[in-house]
file coords_21.txt (compact mmCIF, C-alpha atoms)
# COMPACT_ATOMS: atom_id res chain seq x y z
CA MET A 1 -138.03 -7.36 -31.01
CA THR A 2 -140.12 -5.71 -33.72
CA LEU A 3 -140.74 -7.09 -37.20
CA GLN A 4 -142.18 -4.93 -39.97
CA VAL A 5 -144.86 -5.91 -42.48
CA ASN A 6 -145.18 -3.87 -45.70
CA THR A 7 -148.26 -4.43 -47.85
CA ASN A 8 -150.24 -2.44 -50.40
CA MET A 9 -152.94 -1.98 -47.78
CA GLY A 10 -150.48 -0.51 -45.29
CA GLN A 11 -147.44 -1.04 -43.11
CA TYR A 12 -147.57 -2.32 -39.57
CA PRO A 13 -145.28 -3.60 -36.83
CA ILE A 14 -145.31 -6.97 -35.11
CA ILE A 15 -144.03 -6.44 -31.59
CA ILE A 16 -142.72 -9.56 -29.84
CA GLU A 17 -141.98 -8.80 -26.22
CA ARG A 18 -142.49 -10.64 -22.94
CA GLY A 19 -144.69 -8.58 -20.60
CA ALA A 20 -145.89 -6.37 -23.45
CA LEU A 21 -149.56 -7.02 -22.66
CA ALA A 22 -149.33 -4.62 -19.71
CA ARG A 23 -148.23 -1.85 -22.11
CA ALA A 24 -150.78 -2.52 -24.85
CA ASP A 25 -152.26 0.98 -24.63
CA GLU A 26 -148.86 2.55 -25.22
CA LEU A 27 -147.63 0.13 -27.86
CA LEU A 28 -150.88 0.12 -29.84
CA ALA A 29 -151.79 3.82 -29.51
CA LEU A 30 -155.21 3.13 -28.00
CA ALA A 31 -155.53 6.24 -25.83
CA GLY A 32 -158.06 8.93 -26.68
CA ARG A 33 -160.42 6.77 -28.72
CA ARG A 34 -163.22 4.28 -28.24
CA VAL A 35 -161.91 0.74 -28.30
CA CYS A 36 -163.86 -2.50 -28.52
CA VAL A 37 -161.86 -5.36 -27.02
CA VAL A 38 -163.05 -8.64 -28.56
CA THR A 39 -162.29 -11.94 -26.84
CA ASP A 40 -163.94 -15.28 -26.11
CA THR A 41 -164.68 -17.30 -23.00
CA GLY A 42 -161.71 -19.59 -23.56
CA VAL A 43 -159.20 -16.75 -23.15
CA PRO A 44 -158.13 -15.90 -19.58
CA ALA A 45 -160.18 -12.83 -18.67
CA GLN A 46 -157.14 -10.94 -17.37
CA TYR A 47 -155.70 -10.62 -20.89
CA ALA A 48 -158.63 -8.66 -22.33
CA GLU A 49 -158.97 -6.74 -19.06
CA ALA A 50 -155.30 -5.71 -19.24
CA VAL A 51 -155.87 -4.23 -22.69
CA ALA A 52 -159.14 -2.57 -21.67
CA ALA A 53 -157.54 -1.06 -18.56
CA GLY A 54 -155.29 1.11 -20.70
CA CYS A 55 -158.15 2.48 -22.81
CA ASP A 56 -160.05 5.69 -22.04
CA ASP A 57 -163.38 4.38 -23.29
CA PRO A 58 -163.30 0.57 -23.61
CA VAL A 59 -166.16 -1.72 -24.59
CA LEU A 60 -165.72 -5.45 -23.99
CA PHE A 61 -167.28 -8.09 -26.26
CA ARG A 62 -166.85 -11.68 -25.10
CA PHE A 63 -168.49 -14.54 -26.99
CA PRO A 64 -168.54 -18.32 -26.37
CA GLN A 65 -165.32 -20.01 -27.39
CA GLY A 66 -165.04 -22.41 -30.30
CA GLU A 67 -165.13 -22.48 -34.09
CA ALA A 68 -168.87 -23.18 -33.89
CA ASN A 69 -169.38 -19.57 -32.78
CA LYS A 70 -167.45 -17.93 -35.63
CA THR A 71 -170.73 -17.21 -37.40
CA PHE A 72 -172.86 -14.44 -38.84
CA ASP A 73 -174.93 -14.49 -35.65
CA THR A 74 -171.92 -13.66 -33.49
CA LEU A 75 -170.71 -11.11 -36.04
CA GLN A 76 -174.10 -9.43 -35.98
CA GLU A 77 -174.00 -9.19 -32.17
CA LEU A 78 -170.60 -7.52 -32.35
CA LEU A 79 -171.65 -5.07 -35.07
CA ARG A 80 -174.80 -4.23 -33.12
CA LEU A 81 -172.67 -3.47 -30.04
CA LEU A 82 -170.42 -1.15 -32.06
CA LEU A 83 -173.45 0.69 -33.44
CA HIS A 84 -175.09 0.92 -29.99
CA HIS A 85 -171.96 2.53 -28.52
CA GLY A 86 -171.60 4.97 -31.38
CA PHE A 87 -168.35 3.70 -32.84
CA ASP A 88 -167.13 5.62 -35.88
CA ARG A 89 -164.16 5.47 -38.22
CA SER A 90 -161.83 7.08 -35.68
CA ASP A 91 -162.35 4.19 -33.26
CA ALA A 92 -160.79 0.73 -33.13
CA ILE A 93 -161.26 -2.99 -32.49
CA VAL A 94 -158.66 -5.06 -30.63
CA ALA A 95 -158.73 -8.85 -30.89
CA VAL A 96 -157.41 -10.62 -27.80
CA GLY A 97 -157.32 -14.39 -28.19
CA GLY A 98 -156.81 -17.16 -30.70
CA GLY A 99 -157.58 -17.53 -34.38
CA VAL A 100 -161.36 -17.59 -33.99
CA VAL A 101 -161.26 -14.22 -32.19
CA THR A 102 -158.83 -12.80 -34.74
CA ASP A 103 -160.95 -13.88 -37.72
CA LEU A 104 -164.23 -12.61 -36.29
CA ALA A 105 -162.92 -9.31 -34.90
CA GLY A 106 -160.96 -8.61 -38.06
CA PHE A 107 -163.98 -9.21 -40.27
CA ALA A 108 -166.08 -6.88 -38.09
CA ALA A 109 -163.38 -4.20 -38.43
CA ALA A 110 -163.25 -4.72 -42.20
CA THR A 111 -166.99 -4.32 -42.66
CA TYR A 112 -168.16 -1.83 -40.00
CA MET A 113 -168.50 1.56 -41.75
CA ARG A 114 -166.45 0.02 -44.61
CA GLY A 115 -163.47 -0.39 -42.32
CA ILE A 116 -162.12 0.80 -38.96
CA ASP A 117 -158.74 0.29 -37.29
CA PHE A 118 -157.97 -3.24 -36.16
CA TYR A 119 -155.27 -4.35 -33.71
CA ASN A 120 -154.25 -7.90 -33.01
CA VAL A 121 -153.16 -9.35 -29.66
CA PRO A 122 -152.88 -13.12 -30.26
CA THR A 123 -152.66 -15.22 -27.11
CA THR A 124 -152.22 -18.70 -28.61
CA LEU A 125 -149.21 -20.01 -30.49
CA LEU A 126 -151.40 -20.85 -33.49
CA ALA A 127 -152.71 -17.30 -33.72
CA MET A 128 -149.27 -15.77 -33.17
CA VAL A 129 -147.64 -17.53 -36.11
CA ASP A 130 -150.65 -17.75 -38.42
CA ALA A 131 -153.91 -15.83 -38.01
CA SER A 132 -152.33 -12.69 -36.53
CA VAL A 133 -150.55 -11.71 -39.75
CA GLY A 134 -151.67 -11.40 -43.35
CA GLY A 135 -155.04 -9.72 -43.14
CA LYS A 136 -157.29 -12.71 -43.75
CA THR A 137 -160.56 -12.30 -41.85
CA ALA A 138 -163.71 -14.40 -42.09
CA VAL A 139 -166.64 -16.22 -40.58
CA ASP A 140 -167.75 -19.78 -41.29
CA PHE A 141 -170.84 -20.42 -43.39
CA GLU A 142 -173.05 -23.47 -43.88
CA GLY A 143 -170.51 -25.62 -42.04
CA TYR A 144 -167.54 -24.58 -44.19
CA LYS A 145 -164.58 -22.72 -42.74
CA ASN A 146 -163.90 -19.09 -43.65
CA MET A 147 -166.26 -19.04 -46.61
CA ILE A 148 -167.29 -15.38 -46.10
CA GLY A 149 -164.52 -12.90 -45.42
CA ALA A 150 -162.28 -10.05 -46.48
CA PHE A 151 -158.65 -9.00 -46.53
CA TRP A 152 -158.12 -6.37 -43.81
CA GLN A 153 -154.64 -5.76 -42.45
CA PRO A 154 -154.17 -4.90 -38.77
CA ARG A 155 -152.65 -1.59 -37.72
CA ALA A 156 -150.27 -3.46 -35.41
CA VAL A 157 -149.76 -6.89 -33.85
CA LEU A 158 -148.68 -7.33 -30.23
CA ILE A 159 -147.28 -10.73 -29.23
CA ASP A 160 -146.54 -11.42 -25.58
CA PRO A 161 -145.09 -14.97 -25.35
CA GLU A 162 -145.89 -15.02 -21.63
CA THR A 163 -149.54 -15.61 -22.51
CA LEU A 164 -148.51 -19.05 -23.76
CA GLY A 165 -147.84 -20.05 -20.15
CA THR A 166 -151.57 -20.49 -19.54
CA LEU A 167 -152.12 -22.72 -22.57
CA PRO A 168 -152.63 -26.46 -22.04
CA PRO A 169 -150.06 -28.65 -23.82
CA ARG A 170 -152.52 -29.67 -26.52
CA ARG A 171 -153.05 -26.03 -27.52
CA LEU A 172 -149.30 -25.50 -27.74
CA SER A 173 -149.07 -28.55 -29.97
CA ASP A 174 -151.87 -27.10 -32.08
CA GLY A 175 -149.74 -24.04 -32.80
CA LEU A 176 -146.59 -26.04 -33.44
CA ALA A 177 -148.36 -27.64 -36.40
CA GLU A 178 -148.30 -24.29 -38.22
CA VAL A 179 -144.64 -23.76 -37.34
CA ILE A 180 -143.82 -27.23 -38.70
CA LYS A 181 -145.78 -26.38 -41.85
CA MET A 182 -143.68 -23.27 -42.51
CA SER A 183 -140.41 -25.03 -41.74
CA LEU A 184 -141.24 -27.89 -44.12
CA THR A 185 -141.93 -25.59 -47.04
CA CYS A 186 -139.45 -22.76 -46.48
CA ASP A 187 -136.88 -23.23 -43.70
CA SER A 188 -134.98 -26.47 -43.23
CA LEU A 189 -132.97 -24.95 -40.35
CA LEU A 190 -136.18 -24.22 -38.45
CA PHE A 191 -137.21 -27.84 -39.03
CA ASP A 192 -133.87 -28.93 -37.55
CA ILE A 193 -134.52 -26.74 -34.49
CA LEU A 194 -137.94 -28.31 -34.01
CA GLU A 195 -136.41 -31.78 -34.24
CA THR A 196 -133.79 -31.05 -31.57
CA GLN A 197 -135.40 -28.59 -29.12
CA ASP A 198 -137.99 -29.46 -26.46
CA LEU A 199 -140.60 -26.75 -26.96
CA LEU A 200 -143.34 -28.45 -24.94
CA PRO A 201 -142.58 -27.89 -21.23
CA SER A 202 -142.86 -30.75 -18.77
CA GLU A 203 -145.35 -30.34 -15.95
CA GLY A 204 -144.27 -27.54 -13.63
CA GLN A 205 -141.63 -26.20 -16.02
CA ALA A 206 -141.62 -22.74 -17.57
CA LEU A 207 -141.92 -22.33 -21.32
CA SER A 208 -138.51 -22.33 -23.01
CA GLU A 209 -137.33 -18.93 -24.26
CA THR A 210 -136.47 -20.71 -27.52
CA ILE A 211 -140.15 -20.32 -28.36
CA ASP A 212 -139.64 -16.56 -28.83
CA ASP A 213 -137.08 -17.18 -31.58
CA VAL A 214 -139.24 -19.91 -33.14
CA ILE A 215 -142.20 -17.49 -33.30
CA ALA A 216 -140.05 -14.79 -34.91
CA ARG A 217 -138.54 -17.22 -37.43
CA ALA A 218 -141.97 -18.52 -38.45
CA LEU A 219 -143.31 -14.98 -38.75
CA ARG A 220 -140.45 -13.91 -41.00
CA ILE A 221 -141.51 -16.65 -43.41
CA LYS A 222 -145.11 -15.55 -43.39
CA ILE A 223 -144.20 -11.86 -43.70
CA ASP A 224 -142.06 -12.55 -46.75
CA VAL A 225 -144.85 -14.51 -48.40
CA VAL A 226 -147.58 -11.98 -47.57
CA GLU A 227 -145.51 -9.04 -48.79
CA ASN A 228 -144.96 -10.75 -52.13
CA ASP A 229 -148.54 -11.98 -52.55
CA GLU A 230 -150.93 -10.03 -50.35
CA ARG A 231 -154.18 -11.36 -51.81
CA GLU A 232 -153.25 -14.99 -52.45
CA GLY A 233 -152.77 -14.86 -56.18
CA GLY A 234 -149.90 -17.32 -56.30
CA LEU A 235 -146.99 -17.60 -53.83
CA ARG A 236 -149.20 -17.18 -50.77
CA ARG A 237 -150.75 -20.54 -51.51
CA VAL A 238 -147.65 -22.07 -49.92
CA LEU A 239 -149.16 -21.10 -46.56
CA ASN A 240 -152.02 -23.49 -47.34
CA PHE A 241 -149.73 -26.53 -47.19
CA GLY A 242 -151.62 -29.17 -45.21
CA HIS A 243 -154.77 -27.06 -45.16
CA THR A 244 -156.58 -28.50 -48.17
CA LEU A 245 -156.94 -31.97 -46.66
CA GLY A 246 -156.85 -30.54 -43.13
CA HIS A 247 -159.88 -28.33 -43.76
CA ALA A 248 -161.66 -31.24 -45.40
CA LEU A 249 -161.13 -33.33 -42.26
CA GLU A 250 -162.26 -30.38 -40.09
CA SER A 251 -165.49 -30.10 -42.06
CA CYS A 252 -166.39 -33.77 -41.75
CA ALA A 253 -168.89 -35.00 -39.22
CA GLY A 254 -167.43 -37.14 -36.46
CA LEU A 255 -164.05 -35.38 -36.39
CA GLY A 256 -165.19 -32.30 -34.47
CA GLY A 257 -162.91 -33.17 -31.58
CA LEU A 258 -159.79 -32.36 -33.59
CA TYR A 259 -158.24 -28.90 -33.37
CA HIS A 260 -157.31 -26.88 -36.46
CA GLY A 261 -153.59 -27.47 -36.08
CA GLU A 262 -154.15 -31.18 -35.56
CA CYS A 263 -156.06 -31.34 -38.84
CA VAL A 264 -153.30 -29.39 -40.60
CA ALA A 265 -150.74 -31.85 -39.21
CA LEU A 266 -152.73 -34.74 -40.66
CA GLY A 267 -153.22 -32.86 -43.94
CA MET A 268 -149.47 -32.45 -44.43
CA ILE A 269 -148.62 -36.15 -44.28
CA PRO A 270 -150.18 -37.25 -47.63
CA MET A 271 -148.65 -34.23 -49.40
CA CYS A 272 -145.01 -35.18 -48.68
CA THR A 273 -142.63 -37.59 -50.32
CA GLU A 274 -141.73 -40.73 -48.40
CA GLU A 275 -138.34 -39.21 -47.62
CA VAL A 276 -139.94 -36.18 -45.95
CA ARG A 277 -142.63 -38.24 -44.28
CA ALA A 278 -139.95 -40.32 -42.54
CA ARG A 279 -138.87 -37.18 -40.67
CA LEU A 280 -142.24 -35.48 -40.41
CA VAL A 281 -144.22 -38.25 -38.70
CA PRO A 282 -141.76 -38.65 -35.76
CA LEU A 283 -141.65 -34.85 -35.32
CA LEU A 284 -145.44 -34.60 -35.24
CA ALA A 285 -145.56 -37.32 -32.60
CA ARG A 286 -142.81 -35.59 -30.61
CA CYS A 287 -144.82 -32.36 -30.68
CA GLY A 288 -147.97 -34.07 -29.43
CA LEU A 289 -149.75 -34.04 -32.78
CA PRO A 290 -151.73 -36.89 -34.38
CA THR A 291 -150.12 -38.95 -37.13
CA ALA A 292 -153.17 -40.98 -38.18
CA VAL A 293 -156.92 -40.61 -38.21
CA PRO A 294 -159.99 -42.87 -38.57
CA LEU A 295 -161.31 -41.64 -41.88
CA PRO A 296 -164.90 -40.51 -42.53
CA PRO A 297 -166.75 -41.82 -45.60
CA ARG A 298 -165.11 -40.88 -48.88
CA GLU A 299 -168.23 -38.99 -49.97
CA GLN A 300 -167.83 -36.58 -47.04
CA ILE A 301 -164.22 -35.91 -47.95
CA LEU A 302 -165.11 -35.28 -51.60
CA THR A 303 -167.95 -32.91 -50.66
CA ALA A 304 -165.64 -30.90 -48.41
CA LEU A 305 -162.93 -30.74 -51.08
CA THR A 306 -165.33 -29.49 -53.75
CA HIS A 307 -166.03 -26.44 -51.52
CA ASP A 308 -162.33 -25.63 -51.17
CA LYS A 309 -161.63 -21.93 -51.80
CA LYS A 310 -158.43 -22.79 -53.68
CA SER A 311 -160.25 -24.63 -56.45
CA ALA A 312 -159.87 -23.64 -60.09
CA GLY A 313 -162.49 -25.30 -62.23
CA ASP A 314 -162.52 -28.99 -61.35
CA LYS A 315 -159.05 -28.88 -59.77
CA ILE A 316 -157.59 -27.53 -56.53
CA HIS A 317 -154.31 -25.67 -56.10
CA THR A 318 -152.19 -27.76 -53.75
CA VAL A 319 -148.70 -27.65 -52.25
CA VAL A 320 -146.36 -30.63 -52.17
CA VAL A 321 -143.06 -30.93 -50.26
CA PRO A 322 -140.44 -33.01 -52.10
CA ARG A 323 -137.63 -32.18 -49.62
CA VAL A 324 -137.55 -30.43 -46.22
CA GLY A 325 -137.37 -26.68 -46.83
CA GLU A 326 -138.66 -26.88 -50.42
CA PHE A 327 -142.10 -26.92 -52.03
CA CYS A 328 -143.82 -27.10 -55.39
CA MET A 329 -147.35 -26.20 -56.43
CA GLN A 330 -149.64 -28.54 -58.31
CA GLN A 331 -153.26 -28.85 -59.29
CA ALA A 332 -155.22 -31.97 -58.42
CA THR A 333 -158.82 -33.11 -58.59
CA PRO A 334 -160.73 -33.79 -55.38
CA ALA A 335 -160.69 -37.50 -56.29
CA VAL A 336 -156.89 -37.56 -56.51
CA LEU A 337 -156.55 -35.77 -53.17
CA ALA A 338 -159.02 -38.13 -51.54
CA ASP A 339 -157.01 -41.07 -52.90
CA ALA A 340 -153.84 -39.63 -51.34
CA LEU A 341 -155.59 -39.22 -48.00
CA PHE A 342 -156.93 -42.76 -47.96
CA ALA A 343 -153.60 -44.19 -49.09
CA ALA A 344 -151.88 -42.48 -46.16
CA PHE A 345 -154.37 -43.30 -43.40
CA ALA A 346 -156.65 -46.19 -44.41
CA GLY A 347 -156.83 -48.71 -41.60
CA LYS A 348 -154.92 -46.51 -39.13
CA GLU A 349 -156.22 -45.25 -35.80
CA LEU A 350 -155.49 -42.11 -33.82
call {"tool": "encode", "arguments": {"input": "coords_21.txt", "output": "structure tokens"}}
result
Amino acid sequence: MTLQVNTNMGQYPIIIERGALARADELLALAGRRVCVVTDTGVPAQYAEAVAAGCDDPVLFRFPQGEANKTFDTLQELLRLLLHHGFDRSDAIVAVGGGVVTDLAGFAAATYMRGIDFYNVPTTLLAMVDASVGGKTAVDFEGYKNMIGAFWQPRAVLIDPETLGTLPPRRLSDGLAEVIKMSLTCDSLLFDILETQDLLPSEGQALSETIDDVIARALRIKIDVVENDEREGGLRRVLNFGHTLGHALESCAGLGGLYHGECVALGMIPMCTEEVRARLVPLLARCGLPTAVPLPPREQILTALTHDKKSAGDKIHTVVVPRVGEFCMQQATPAVLADALFAAFAGKEL
């Protein structure tokens, strides 16, 4: 199936098709131009190689996996490679991997020669339903996530759900956190599906084809939001549900072992009513996500919250879910948000 995204910066398709990776050159119009395929060491090499094999003049850039490498240093290496190989505005970058790859490659495309074509081939569930769409690109700076970046929409997104078959269960759970986030705020039926369907395969089992429909349903939510608020002036903040406290936890020393989606899962819990929390916590556990965390010192949480990009003066734009499938936006001080976090998790262990 193909979904369409229409933004002021351009229109582009999201192609969801099993086996599509083998036809990336055809589906993404990569022939006849120089293409830099960007990936990291955590992505199975055959995925980037499959994309490169269909290009006439491919250049491969592979950097060490992990959020710790989404930095200016890595960006500079990539930009240097593009310059060395004579890339110009007629050429393109293709990101093959998860959210870290998408963010870094997209930011390079946005800034090299003031912008070259960018194509997205997400290979993790988290990247498929979140980072692949919307045009947010960035690198981390001074220990804070996505502090330096730009909006740069891809020319097309290619999603091959078969790539999820190589993900370990914890990485699948990581992506399900973003799907849960979107269902909680915008789609109660999707939340019902998540409560009743087994999306995490047992050992030796193939991934359920239900995941294809779940991906598409989550993407329709994000597409609708992005089309109505491309540059995060209002409505798009709904996509940050769980992220304000989640990013704060991610930034704190001692919690580096948690994945992004796991932190988002934890960040959602304090921002729900008790009624919603009674359904959310069992679903998170069912999806292999944490429901409690040993908290870092309050000062660390407050410092992280004061660097939140959604702040307005001394308050932060936040999203609260009063009922499954509904949301409201509020402003709160870092102290109030820290209180909510500690009220939800104080004394609890992972």
call {"tool": "residues_around", "arguments": {"input": "coords_21.txt", "residues": "Asp40 in chain A", "least_positions_apart": "4", "cutoff": "9 Å", "atoms": "all atoms listed in the file", "output": "count of residues only"}}
result
13
call {"tool": "residues_around", "arguments": {"input": "coords_21.txt", "residues": "Asp73 in chain A", "least_positions_apart": "4", "cutoff": "12 Å", "atoms": "only C-alpha atoms", "output": "PyMOL selection string"}}
result
chain A and resi 63-64+68-69+77-80+104+108+139-141
call {"tool": "closest_residue", "arguments": {"input": "coords_21.txt", "among": "A:Val38, A:Ile15, A:Val238, A:Cys287", "to": "Gln197 in chain A", "atoms": "only C-alpha atoms"}}
result
A:Cys287
call {"tool": "atom_distance", "arguments": {"input": "coords_21.txt", "atom1": "CA of Asp192 in chain A", "atom2": "CA of His243 in chain A"}}
result
22.3 Å
call {"tool": "closest_residue", "arguments": {"input": "coords_21.txt", "among": "A:Thr39, A:Thr163, A:Thr196, A:Gln46", "to": "Ala105 in chain A", "atoms": "only C-alpha atoms"}}
result
A:Thr39
call {"tool": "residues_around", "arguments": {"input": "coords_21.txt", "residues": "Leu158 in chain A", "least_positions_apart": "2", "cutoff": "7 Å", "atoms": "all atoms listed in the file", "output": "PDB file with C-alpha atoms, keeping the file's coordinate frame"}}
result
ATOM      1  CA  ILE A  14    -145.310  -6.970 -35.110  1.00  0.00           C
ATOM      2  CA  ILE A  15    -144.030  -6.440 -31.590  1.00  0.00           C
ATOM      3  CA  ILE A  16    -142.720  -9.560 -29.840  1.00  0.00           C
ATOM      4  CA  ASN A 120    -154.250  -7.900 -33.010  1.00  0.00           C
ATOM      5  CA  VAL A 121    -153.160  -9.350 -29.660  1.00  0.00           C
ATOM      6  CA  ALA A 156    -150.270  -3.460 -35.410  1.00  0.00           C
ATOM      7  CA  ASP A 160    -146.540 -11.420 -25.580  1.00  0.00           C
TER       8      ASP A 160
END
call {"tool": "build_atoms", "arguments": {"input": "coords_21.txt", "residues": "range 9-25 of chain A", "atoms": "N, CA, C and O atoms", "output": "short mmCIF file (atom, residue, chain, number, x, y, z; two decimals), in the frame of the given file"}}
result
data_model
loop_
_atom_site.label_atom_id
_atom_site.label_comp_id
_atom_site.auth_asym_id
_atom_site.auth_seq_id
_atom_site.Cartn_x
_atom_site.Cartn_y
_atom_site.Cartn_z
N MET A 9 -151.89 -2.53 -48.63
CA MET A 9 -152.94 -1.98 -47.78
C MET A 9 -152.38 -1.20 -46.59
O MET A 9 -153.13 -0.55 -45.87
N GLY A 10 -151.07 -1.26 -46.39
CA GLY A 10 -150.48 -0.51 -45.29
C GLY A 10 -149.32 -1.24 -44.65
O GLY A 10 -149.10 -2.44 -44.87
N GLN A 11 -148.55 -0.49 -43.87
CA GLN A 11 -147.44 -1.04 -43.11
C GLN A 11 -147.83 -1.16 -41.65
O GLN A 11 -148.60 -0.35 -41.14
N TYR A 12 -147.29 -2.19 -41.00
CA TYR A 12 -147.57 -2.32 -39.57
C TYR A 12 -146.49 -3.14 -38.89
O TYR A 12 -145.84 -3.98 -39.51
N PRO A 13 -146.30 -2.86 -37.59
CA PRO A 13 -145.28 -3.60 -36.83
C PRO A 13 -145.86 -4.83 -36.15
O PRO A 13 -147.05 -4.87 -35.82
N ILE A 14 -144.99 -5.83 -35.97
CA ILE A 14 -145.31 -6.97 -35.11
C ILE A 14 -144.34 -6.90 -33.94
O ILE A 14 -143.13 -7.06 -34.12
N ILE A 15 -144.85 -6.60 -32.78
CA ILE A 15 -144.03 -6.44 -31.59
C ILE A 15 -144.04 -7.74 -30.80
O ILE A 15 -145.10 -8.23 -30.41
N ILE A 16 -142.86 -8.32 -30.61
CA ILE A 16 -142.72 -9.56 -29.84
C ILE A 16 -141.94 -9.23 -28.58
O ILE A 16 -140.74 -8.93 -28.65
N GLU A 17 -142.61 -9.25 -27.46
CA GLU A 17 -141.98 -8.80 -26.22
C GLU A 17 -142.67 -9.43 -25.01
O GLU A 17 -143.89 -9.30 -24.86
N ARG A 18 -141.91 -10.08 -24.16
CA ARG A 18 -142.49 -10.64 -22.94
C ARG A 18 -142.92 -9.51 -22.01
O ARG A 18 -142.18 -8.57 -21.79
N GLY A 19 -144.14 -9.62 -21.48
CA GLY A 19 -144.69 -8.58 -20.60
C GLY A 19 -145.33 -7.43 -21.33
O GLY A 19 -145.80 -6.48 -20.70
N ALA A 20 -145.39 -7.50 -22.66
CA ALA A 20 -145.89 -6.37 -23.45
C ALA A 20 -147.39 -6.14 -23.26
O ALA A 20 -147.88 -5.03 -23.49
N LEU A 21 -148.10 -7.16 -22.81
CA LEU A 21 -149.56 -7.02 -22.66
C LEU A 21 -149.90 -5.87 -21.71
O LEU A 21 -150.88 -5.15 -21.91
N ALA A 22 -149.08 -5.67 -20.69
CA ALA A 22 -149.33 -4.62 -19.71
C ALA A 22 -149.13 -3.23 -20.31
O ALA A 22 -149.58 -2.23 -19.73
N ARG A 23 -148.47 -3.15 -21.46
CA ARG A 23 -148.23 -1.85 -22.11
C ARG A 23 -148.97 -1.74 -23.44
O ARG A 23 -148.59 -0.98 -24.31
N ALA A 24 -150.05 -2.50 -23.58
CA ALA A 24 -150.78 -2.52 -24.85
C ALA A 24 -151.28 -1.14 -25.26
O ALA A 24 -151.23 -0.78 -26.44
N ASP A 25 -151.74 -0.35 -24.29
CA ASP A 25 -152.26 0.98 -24.63
C ASP A 25 -151.19 1.86 -25.25
O ASP A 25 -151.43 2.58 -26.22
#
